[in-house]
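Enquirer: You'll find input_17.cif just under this line, and it carries mmCIF, C-alpha atoms.
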```cif
data_data
#
loop_
_atom_site.group_PDB
_atom_site.id
_atom_site.type_symbol
_atom_site.label_atom_id
_atom_site.label_comp_id
_atom_site.auth_asym_id
_atom_site.auth_seq_id
_atom_site.Cartn_x
_atom_site.Cartn_y
_atom_site.Cartn_z
ATOM 1 C CA MET A 1 14.134 6.515 0.827
ATOM 2 C CA THR A 2 14.808 2.868 0.028
ATOM 3 C CA ASP A 3 17.509 1.760 -2.394
ATOM 4 C CA ARG A 4 14.769 0.649 -4.788
ATOM 5 C CA GLN A 5 13.105 4.078 -4.666
ATOM 6 C CA GLN A 6 16.438 5.738 -5.463
ATOM 7 C CA GLU A 7 17.005 3.320 -8.341
ATOM 8 C CA ALA A 8 13.487 4.086 -9.597
ATOM 9 C CA ILE A 9 14.206 7.835 -9.599
ATOM 10 C CA ALA A 10 17.381 7.247 -11.618
ATOM 11 C CA GLU A 11 15.524 4.975 -14.038
ATOM 12 C CA SER A 12 12.700 7.509 -14.384
ATOM 13 C CA LEU A 13 15.101 10.376 -15.081
ATOM 14 C CA ASN A 14 16.946 8.228 -17.612
ATOM 15 C CA GLU A 15 13.747 6.965 -19.269
ATOM 16 C CA TYR A 16 11.560 10.090 -19.233
ATOM 17 C CA GLY A 17 13.849 12.985 -18.364
ATOM 18 C CA GLN A 18 12.986 15.517 -15.697
ATOM 19 C CA VAL A 19 9.199 15.723 -15.576
ATOM 20 C CA LEU A 20 8.820 17.760 -12.374
ATOM 21 C CA PRO A 21 10.904 20.845 -11.633
ATOM 22 C CA ILE A 22 13.012 21.150 -8.502
ATOM 23 C CA ILE A 23 11.739 23.872 -6.151
ATOM 24 C CA VAL A 24 14.494 26.151 -4.860
ATOM 25 C CA ARG A 25 14.949 29.509 -3.193
ATOM 26 C CA PRO A 26 17.917 31.862 -3.234
ATOM 27 C CA HIS A 27 20.286 30.648 -0.511
ATOM 28 C CA PRO A 28 19.813 32.869 2.549
ATOM 29 C CA GLU A 29 23.534 32.997 3.354
ATOM 30 C CA ILE A 30 25.497 32.276 0.156
ATOM 31 C CA GLU A 31 25.207 34.835 -2.638
ATOM 32 C CA GLY A 32 24.481 33.300 -6.048
ATOM 33 C CA GLU A 33 23.624 29.864 -4.622
ATOM 34 C CA TYR A 34 20.238 28.197 -4.238
ATOM 35 C CA GLN A 35 18.714 26.012 -1.539
ATOM 36 C CA ILE A 36 16.501 23.060 -2.491
ATOM 37 C CA ILE A 37 13.039 23.024 -0.938
ATOM 38 C CA ASP A 38 11.646 20.037 -2.880
ATOM 39 C CA GLY A 39 13.376 17.562 -5.192
ATOM 40 C CA GLU A 40 16.701 16.930 -3.482
ATOM 41 C CA HIS A 41 16.710 13.224 -4.395
ATOM 42 C CA ARG A 42 16.002 14.020 -8.052
ATOM 43 C CA PHE A 43 18.724 16.679 -7.989
ATOM 44 C CA ASN A 44 21.323 14.385 -6.392
ATOM 45 C CA ILE A 45 20.557 11.518 -8.746
ATOM 46 C CA SER A 46 20.224 13.492 -11.985
ATOM 47 C CA GLY A 47 23.884 14.453 -12.440
ATOM 48 C CA GLN A 48 22.785 16.851 -15.183
ATOM 49 C CA SER A 49 21.345 20.318 -15.594
ATOM 50 C CA ILE A 50 17.863 20.538 -14.190
ATOM 51 C CA CYS A 51 14.768 22.690 -14.417
ATOM 52 C CA CYS A 52 13.956 24.642 -11.266
ATOM 53 C CA ASN A 53 11.147 26.807 -9.988
ATOM 54 C CA VAL A 54 12.715 29.606 -7.966
ATOM 55 C CA ILE A 55 10.495 30.997 -5.218
ATOM 56 C CA ASP A 56 10.991 33.767 -2.701
ATOM 57 C CA ALA A 57 10.646 32.134 0.724
ATOM 58 C CA ASN A 58 11.945 32.927 4.175
ATOM 59 C CA ASP A 59 13.267 30.170 6.481
ATOM 60 C CA VAL A 60 9.890 29.424 8.069
ATOM 61 C CA THR A 61 8.117 29.200 4.710
ATOM 62 C CA ALA A 62 10.907 27.082 3.196
ATOM 63 C CA LYS A 63 10.793 24.622 6.104
ATOM 64 C CA LYS A 64 7.006 24.421 6.007
ATOM 65 C CA LEU A 65 7.038 23.911 2.226
ATOM 66 C CA THR A 66 9.583 21.099 2.578
ATOM 67 C CA ILE A 67 7.184 19.316 4.921
ATOM 68 C CA VAL A 68 4.129 20.124 2.802
ATOM 69 C CA MET A 69 5.754 18.880 -0.403
ATOM 70 C CA ASN A 70 6.910 15.656 1.245
ATOM 71 C CA GLU A 71 3.860 14.877 3.364
ATOM 72 C CA THR A 72 0.787 15.994 1.428
ATOM 73 C CA ARG A 73 1.112 14.232 -1.876
ATOM 74 C CA GLY A 74 -1.272 11.545 -0.704
ATOM 75 C CA GLU A 75 -1.099 7.799 -1.121
ATOM 76 C CA ALA A 76 -2.118 5.728 -4.067
ATOM 77 C CA ASP A 77 -5.423 3.884 -3.829
ATOM 78 C CA LYS A 78 -4.053 0.327 -3.719
ATOM 79 C CA ILE A 79 -6.937 -1.182 -5.690
ATOM 80 C CA GLU A 80 -6.775 1.425 -8.452
ATOM 81 C CA LEU A 81 -2.988 1.146 -8.503
ATOM 82 C CA ALA A 82 -3.255 -2.646 -8.796
ATOM 83 C CA SER A 83 -5.679 -2.330 -11.722
ATOM 84 C CA LEU A 84 -3.410 0.154 -13.484
ATOM 85 C CA LEU A 85 -0.353 -2.054 -12.949
ATOM 86 C CA ALA A 86 -2.253 -5.111 -14.209
ATOM 87 C CA GLU A 87 -3.195 -3.198 -17.380
ATOM 88 C CA LEU A 88 0.387 -2.017 -17.846
ATOM 89 C CA SER A 89 1.755 -5.531 -17.333
ATOM 90 C CA LYS A 90 -0.243 -6.631 -20.398
ATOM 91 C CA GLU A 91 1.169 -3.776 -22.480
ATOM 92 C CA THR A 92 4.867 -3.918 -21.612
ATOM 93 C CA ASP A 93 7.482 -6.472 -20.626
ATOM 94 C CA ASP A 94 9.461 -3.826 -18.757
ATOM 95 C CA LEU A 95 7.031 -2.843 -16.039
ATOM 96 C CA LEU A 96 9.606 -2.652 -13.247
ATOM 97 C CA THR A 97 11.772 0.114 -14.746
ATOM 98 C CA ALA A 98 11.277 3.461 -12.991
ATOM 99 C CA LEU A 99 8.700 2.083 -10.547
ATOM 100 C CA PRO A 100 9.639 2.157 -6.846
ATOM 101 C CA TYR A 101 8.777 -1.518 -6.232
ATOM 102 C CA SER A 102 10.773 -4.692 -5.926
ATOM 103 C CA GLN A 103 9.673 -7.542 -8.204
ATOM 104 C CA ASP A 104 7.897 -9.221 -5.269
ATOM 105 C CA GLU A 105 6.064 -6.012 -4.311
ATOM 106 C CA LEU A 106 5.043 -5.501 -7.927
ATOM 107 C CA ASN A 107 3.752 -9.076 -8.188
ATOM 108 C CA GLU A 108 1.681 -8.643 -5.008
ATOM 109 C CA LEU A 109 0.172 -5.400 -6.287
ATOM 110 C CA VAL A 110 -0.737 -6.961 -9.645
ATOM 111 C CA LYS A 111 -2.394 -9.883 -7.776
ATOM 112 C CA LEU A 112 -4.707 -7.393 -6.037
ATOM 113 C CA ALA A 113 -6.266 -6.643 -9.426
ATOM 114 C CA GLU A 114 -7.471 -10.263 -9.657
ATOM 115 C CA VAL A 115 -9.766 -9.862 -6.626
ATOM 116 C CA ASP A 116 -13.421 -9.053 -7.289
ATOM 117 C CA TRP A 117 -13.447 -6.002 -5.008
ATOM 118 C CA ASP A 118 -16.990 -5.047 -5.998
ATOM 119 C CA GLN A 119 -18.296 -8.343 -4.591
ATOM 120 C CA PHE A 120 -16.128 -7.965 -1.503
ATOM 121 C CA SER A 121 -17.472 -4.458 -0.994
ATOM 122 C CA GLU A 122 -21.086 -5.646 -1.395
ATOM 123 C CA ASP A 123 -20.531 -8.446 1.113
ATOM 124 C CA PHE A 124 -18.999 -6.018 3.598
ATOM 125 C CA GLU A 125 -21.720 -3.404 3.133
ATOM 126 C CA ASN A 126 -24.405 -6.038 3.674
ATOM 127 C CA ASP A 127 -22.756 -7.071 6.951
ATOM 128 C CA GLU A 128 -21.530 -3.665 8.121
ATOM 129 C CA GLY A 129 -23.060 -2.443 11.296
ATOM 130 C CA ASN A 130 -24.756 -5.773 11.953
ATOM 131 C CA GLY A 131 -25.163 -5.756 15.682
ATOM 132 C CA GLY A 132 -26.533 -9.278 15.682
ATOM 133 C CA THR A 133 -30.119 -10.205 16.309
ATOM 134 C CA GLU A 134 -31.748 -9.454 19.619
ATOM 135 C CA GLY A 135 -30.021 -11.267 22.453
ATOM 136 C CA GLU A 136 -26.897 -12.009 20.384
ATOM 137 C CA PRO A 137 -23.644 -10.098 20.717
ATOM 138 C CA GLY A 138 -22.583 -7.721 17.930
ATOM 139 C CA PHE A 139 -19.823 -8.447 15.472
ATOM 140 C CA THR A 140 -16.448 -6.860 14.877
ATOM 141 C CA HIS A 141 -15.367 -6.762 11.229
ATOM 142 C CA LEU A 142 -11.741 -7.537 10.399
ATOM 143 C CA THR A 143 -9.806 -7.270 7.167
ATOM 144 C CA ILE A 144 -6.614 -9.330 7.196
ATOM 145 C CA SER A 145 -3.872 -10.385 4.812
ATOM 146 C CA VAL A 146 -2.464 -13.892 5.010
ATOM 147 C CA PRO A 147 0.477 -15.362 3.069
ATOM 148 C CA ASN A 148 -0.647 -17.890 0.449
ATOM 149 C CA GLU A 149 1.119 -20.768 2.200
ATOM 150 C CA ALA A 150 -0.587 -19.930 5.481
ATOM 151 C CA MET A 151 -3.974 -19.715 3.761
ATOM 152 C CA ASP A 152 -3.599 -23.297 2.568
ATOM 153 C CA ILE A 153 -3.114 -24.395 6.185
ATOM 154 C CA ILE A 154 -5.996 -22.198 7.394
ATOM 155 C CA ASN A 155 -8.310 -23.730 4.783
ATOM 156 C CA GLN A 156 -7.359 -27.207 6.057
ATOM 157 C CA CYS A 157 -8.165 -26.047 9.603
ATOM 158 C CA LYS A 158 -11.497 -24.660 8.397
ATOM 159 C CA ASP A 159 -12.394 -28.043 6.892
ATOM 160 C CA LEU A 160 -11.500 -29.830 10.159
ATOM 161 C CA ILE A 161 -13.433 -27.322 12.256
ATOM 162 C CA GLU A 162 -16.458 -27.730 10.005
ATOM 163 C CA GLN A 163 -16.233 -31.533 10.394
ATOM 164 C CA GLN A 164 -16.102 -31.179 14.181
ATOM 165 C CA ARG A 165 -18.702 -28.414 14.646
ATOM 166 C CA GLY A 166 -20.970 -29.135 11.740
ATOM 167 C CA GLN A 167 -21.989 -26.630 9.105
ATOM 168 C CA LEU A 168 -20.523 -23.183 9.685
ATOM 169 C CA ASN A 169 -22.643 -20.059 9.304
ATOM 170 C CA PRO A 170 -23.692 -19.492 5.667
ATOM 171 C CA ASP A 171 -22.466 -15.887 5.939
ATOM 172 C CA LYS A 172 -18.805 -16.203 4.872
ATOM 173 C CA SER A 173 -17.542 -13.435 7.125
ATOM 174 C CA ILE A 174 -19.221 -14.994 10.177
ATOM 175 C CA ALA A 175 -17.989 -18.473 9.167
ATOM 176 C CA TRP A 176 -14.409 -17.181 9.023
ATOM 177 C CA GLY A 177 -15.001 -15.590 12.426
ATOM 178 C CA GLN A 178 -16.052 -19.010 13.743
ATOM 179 C CA VAL A 179 -12.824 -20.484 12.342
ATOM 180 C CA LEU A 180 -10.738 -17.758 13.992
ATOM 181 C CA GLU A 181 -12.599 -18.203 17.280
ATOM 182 C CA SER A 182 -12.031 -21.986 17.223
ATOM 183 C CA LEU A 183 -8.322 -21.636 16.360
ATOM 184 C CA ALA A 184 -7.845 -19.047 19.117
ATOM 185 C CA ALA A 185 -9.656 -21.237 21.674
ATOM 186 C CA ASP A 186 -7.557 -24.277 20.715
ATOM 187 C CA TYR A 187 -4.367 -22.213 20.915
ATOM 188 C CA LEU A 188 -5.239 -20.837 24.347
ATOM 189 C CA ALA A 189 -6.198 -24.318 25.585
ATOM 190 C CA SER A 190 -2.897 -25.844 24.439
ATOM 191 C CA PRO A 191 -0.014 -26.025 26.918
ATOM 192 C CA GLN A 192 2.187 -22.930 26.586
ATOM 193 C CA LYS A 193 5.947 -23.380 26.580
#
```
Do you think you could lay out the structure here as structure tokens?

Expert:
Amino acid sequence: MTDRQQEAIAESLNEYGQVLPIIVRPHPEIEGEYQIIDGEHRFNISGQSICCNVIDANDVTAKKLTIVMNETRGEADKIELASLLAELSKETDDLLTALPYSQDELNELVKLAEVDWDQFSEDFENDEGNGGTEGEPGFTHLTISVPNEAMDIINQCKDLIEQQRGQLNPDKSIAWGQVLESLAADYLASPQK
């Protein structure tokens, strides 16, 4: 767990109290003690009395449950998370408290909400599976992330490539593929140090 995630747990406990119980079992070797199966971070950070669910579990079950509870909670859908964070950012000035993100990570997630994902999805679906016309090679679809500063440079390269090659393909995804192909060819043709 990162330092920020631990801070977020402490902030959440302070802000909202204990929302989820700790899962424990009677300790198999120490009479009157309990062993934590899920919620150790919350327990260690809370420093106060906590609510627990006590279950009867042998060693194998306890170990399996520890893995299950840690590994099967799923991951947030980044686009839905971004939309939710963007909405919350309009409703509160204190968005960072109790969330497990640094300010930079939070800013990047909120930026995702500004993208028209429906249009992106339509463009991708229209191109998906396009094996090219007869006699042409198929296409491989890529999704990439580029830092903003690098994108400025890439856009300049795109303009230069278009000046040299002429009009790029009207299909944006193929045009960007032409840009990548040209940059890769130029890189490979340059003297390597």

Enquirer: Pull out every residue that the PyMOL selection byres ((chain A and resi 23-35) around 10) matches in the shown coordinates and put them as an NGL selection string.

Expert: :A and (20-22 or 36-40 or 51-59 or 62 or 65-66 or 69)

Enquirer: Hey, which of A:Thr92, A:Leu84, A:Lys158, A:Gly166 ends up closest to Glu181 in chain A? Count only C-alpha atoms.

Expert: A:Lys158

Enquirer: Which distance in Å separates CA of Thr143 in chain A and CA of Gln178 in chain A, to one decimal?

Expert: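 Separation of CA of Thr143 in chain A and CA of Gln178 in chain A: 14.8 Å.
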
Enquirer: Please report the interatomic distance between CA of Leu142 in chain A and CA of Trp176 in chain A in Å with one decimal.

Expert: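 CA of Trp176 in chain A lies 10.1 Å from CA of Leu142 in chain A.
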
Enquirer: Please return, as a list in words, all polymer residues that have at least one atom within 9 Å of the point (12.4, 10.3, -1.2); use only C-alpha atoms and the file's own coordinate frame.

Expert: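 Nearby residues: Met1, Thr2, Gln5, Gln6, Ile9, Gly39, Glu40, His41, Arg42 and Asn70 of chain A.
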
Enquirer: Report the distance between CA of Glu11 in chain A and CA of Ser102 in chain A in Å, rounded to one decimal place.

Expert: 13.5 Å

Enquirer: Which residue is closest to Ser89 in chain A? Choose from A:Asn107, A:Ser12, A:Gln164, A:Thr72 and count all atoms listed in the file.

Expert: A:Asn107

Enquirer: Around all listed atoms of range 80-86 of chain A, padded 5 Å per side, what centre and edge lengths does the axis-aligned box have in Å to one decimal, as lines of an AutoDock Vina configuration file?

Expert:
```
center_x = -3.6
center_y = -1.8
center_z = -11.3
size_x = 16.4
size_y = 16.5
size_z = 15.8
```

Enquirer: Within 9 Å of (-4.7, -18.5, 12.7) (coordinates as in the file), grab all the protein and nucleic acid residues, counting all atoms listed in the file, and write them out as a PyMOL selection string.

Expert: chain A and resi 150+153-154+157+179-180+183-184

Enquirer: Using the chain letters and residue numbers of this document, give as a ChimeraX atom specification the residues selected by the PyMOL selection byres ((chain A and resi 81) around 12).

Expert: /A:75-80,82-88,99,106,108-113

Enquirer: Write a file of the just-selected residues containing C-alpha atoms, as a compact mmCIF listing (two decimals), in the coordinates of the input.

Expert:
```txt
# COMPACT_ATOMS: atom_id res chain seq x y z
CA GLU A 75 -1.10 7.80 -1.12
CA ALA A 76 -2.12 5.73 -4.07
CA ASP A 77 -5.42 3.88 -3.83
CA LYS A 78 -4.05 0.33 -3.72
CA ILE A 79 -6.94 -1.18 -5.69
CA GLU A 80 -6.78 1.42 -8.45
CA ALA A 82 -3.26 -2.65 -8.80
CA SER A 83 -5.68 -2.33 -11.72
CA LEU A 84 -3.41 0.15 -13.48
CA LEU A 85 -0.35 -2.05 -12.95
CA ALA A 86 -2.25 -5.11 -14.21
CA GLU A 87 -3.20 -3.20 -17.38
CA LEU A 88 0.39 -2.02 -17.85
CA LEU A 99 8.70 2.08 -10.55
CA LEU A 106 5.04 -5.50 -7.93
CA GLU A 108 1.68 -8.64 -5.01
CA LEU A 109 0.17 -5.40 -6.29
CA VAL A 110 -0.74 -6.96 -9.64
CA LYS A 111 -2.39 -9.88 -7.78
CA LEU A 112 -4.71 -7.39 -6.04
CA ALA A 113 -6.27 -6.64 -9.43
```
